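Take a look at the structure below.
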Amino acid sequence: MTEPVVRVTLLEQQIDEPAAAVQLRRITLQPSVAGGPHHHSGPVFGTIEAGSVVFQIDGGPESILRAGDVFYEPANVLIDRFDATAEGVTFFGCFLSEPGQAPLLTPGPPTR
């Protein structure tokens with residue numbers, strides 16, 4: 001018999017940043033659109049809804065994320081690639097922010 005409710009943890013990540021707000025965004029990148037190197041003011045958690053993306057953080061290995069895959073982008077860390085493949089990508093992103101601030105995406109690496 002199938003359970004009436006099934007809960008599966010897909011991603012668990014501890015964060016050190018204070019967060020008072022969360023924005024959940026549905027974002028679509030058209031086929032072959034490159035997100036370009038960037039960083040965020042707060043951590044970002046997400047899941048790919050459809051399509052796929054080339055994902056790389058801070059000089060680490062590249063990976064292909066597909067529908068159902070989850071990802072984590074730490075605050076103030078370079079996201080080298082978040083580039084839609086030839087099929088494009090739609091994803092949900094949970095953007096955490098500090099009290100009274102909107103989540104920010106800044107092109108290029110963070111200043112450390």
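Residue numbering restarts at 1 in every chain; chains get A, B, ... in the order shown in the structure tokens, and ligands count up from 1 in that same order.
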
(message) Which residues are close to segment 108-112 of chain A, i.e. within 9 Å by only C-alpha atoms, leaving aside same-chain residues fewer than 5 positions away? Reply as JSON, numbers by chain.
(response) {"A": [36, 37, 38, 39, 40, 58, 76, 77, 78, 79, 80]}

May I have the selected residues written with C-alpha atoms, as a short mmCIF file (atom, residue, chain, number, x, y, z; two decimals), in the first residue's frame?
data_model
loop_
_atom_site.label_atom_id
_atom_site.label_comp_id
_atom_site.auth_asym_id
_atom_site.auth_seq_id
_atom_site.Cartn_x
_atom_site.Cartn_y
_atom_site.Cartn_z
CA GLY A 36 27.37 34.94 -16.64
CA PRO A 37 29.63 35.00 -13.60
CA HIS A 38 27.81 36.51 -10.63
CA HIS A 39 27.23 36.33 -6.90
CA HIS A 40 24.28 36.83 -4.57
CA ASP A 58 33.85 29.09 -7.47
CA ASN A 76 28.99 36.10 -1.69
CA VAL A 77 30.58 33.21 -3.59
CA LEU A 78 31.27 33.33 -7.33
CA ILE A 79 28.78 31.43 -9.46
CA ASP A 80 30.92 30.82 -12.56
#

(message) Taking 3 positions as the minimum chain separation for residues in the same chain, which residues sit within 8 Å of Arg66 of chain A when counting only C-alpha atoms? Answer as an NGL selection string.
(response) :A and (48-53 or 69)

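Distance annotation: of A:Glu98, A:Val33, A:Thr2, A:Phe92, the residue with the minimal separation from Ala20 of chain A is A:Glu98; atom set is only C-alpha atoms.
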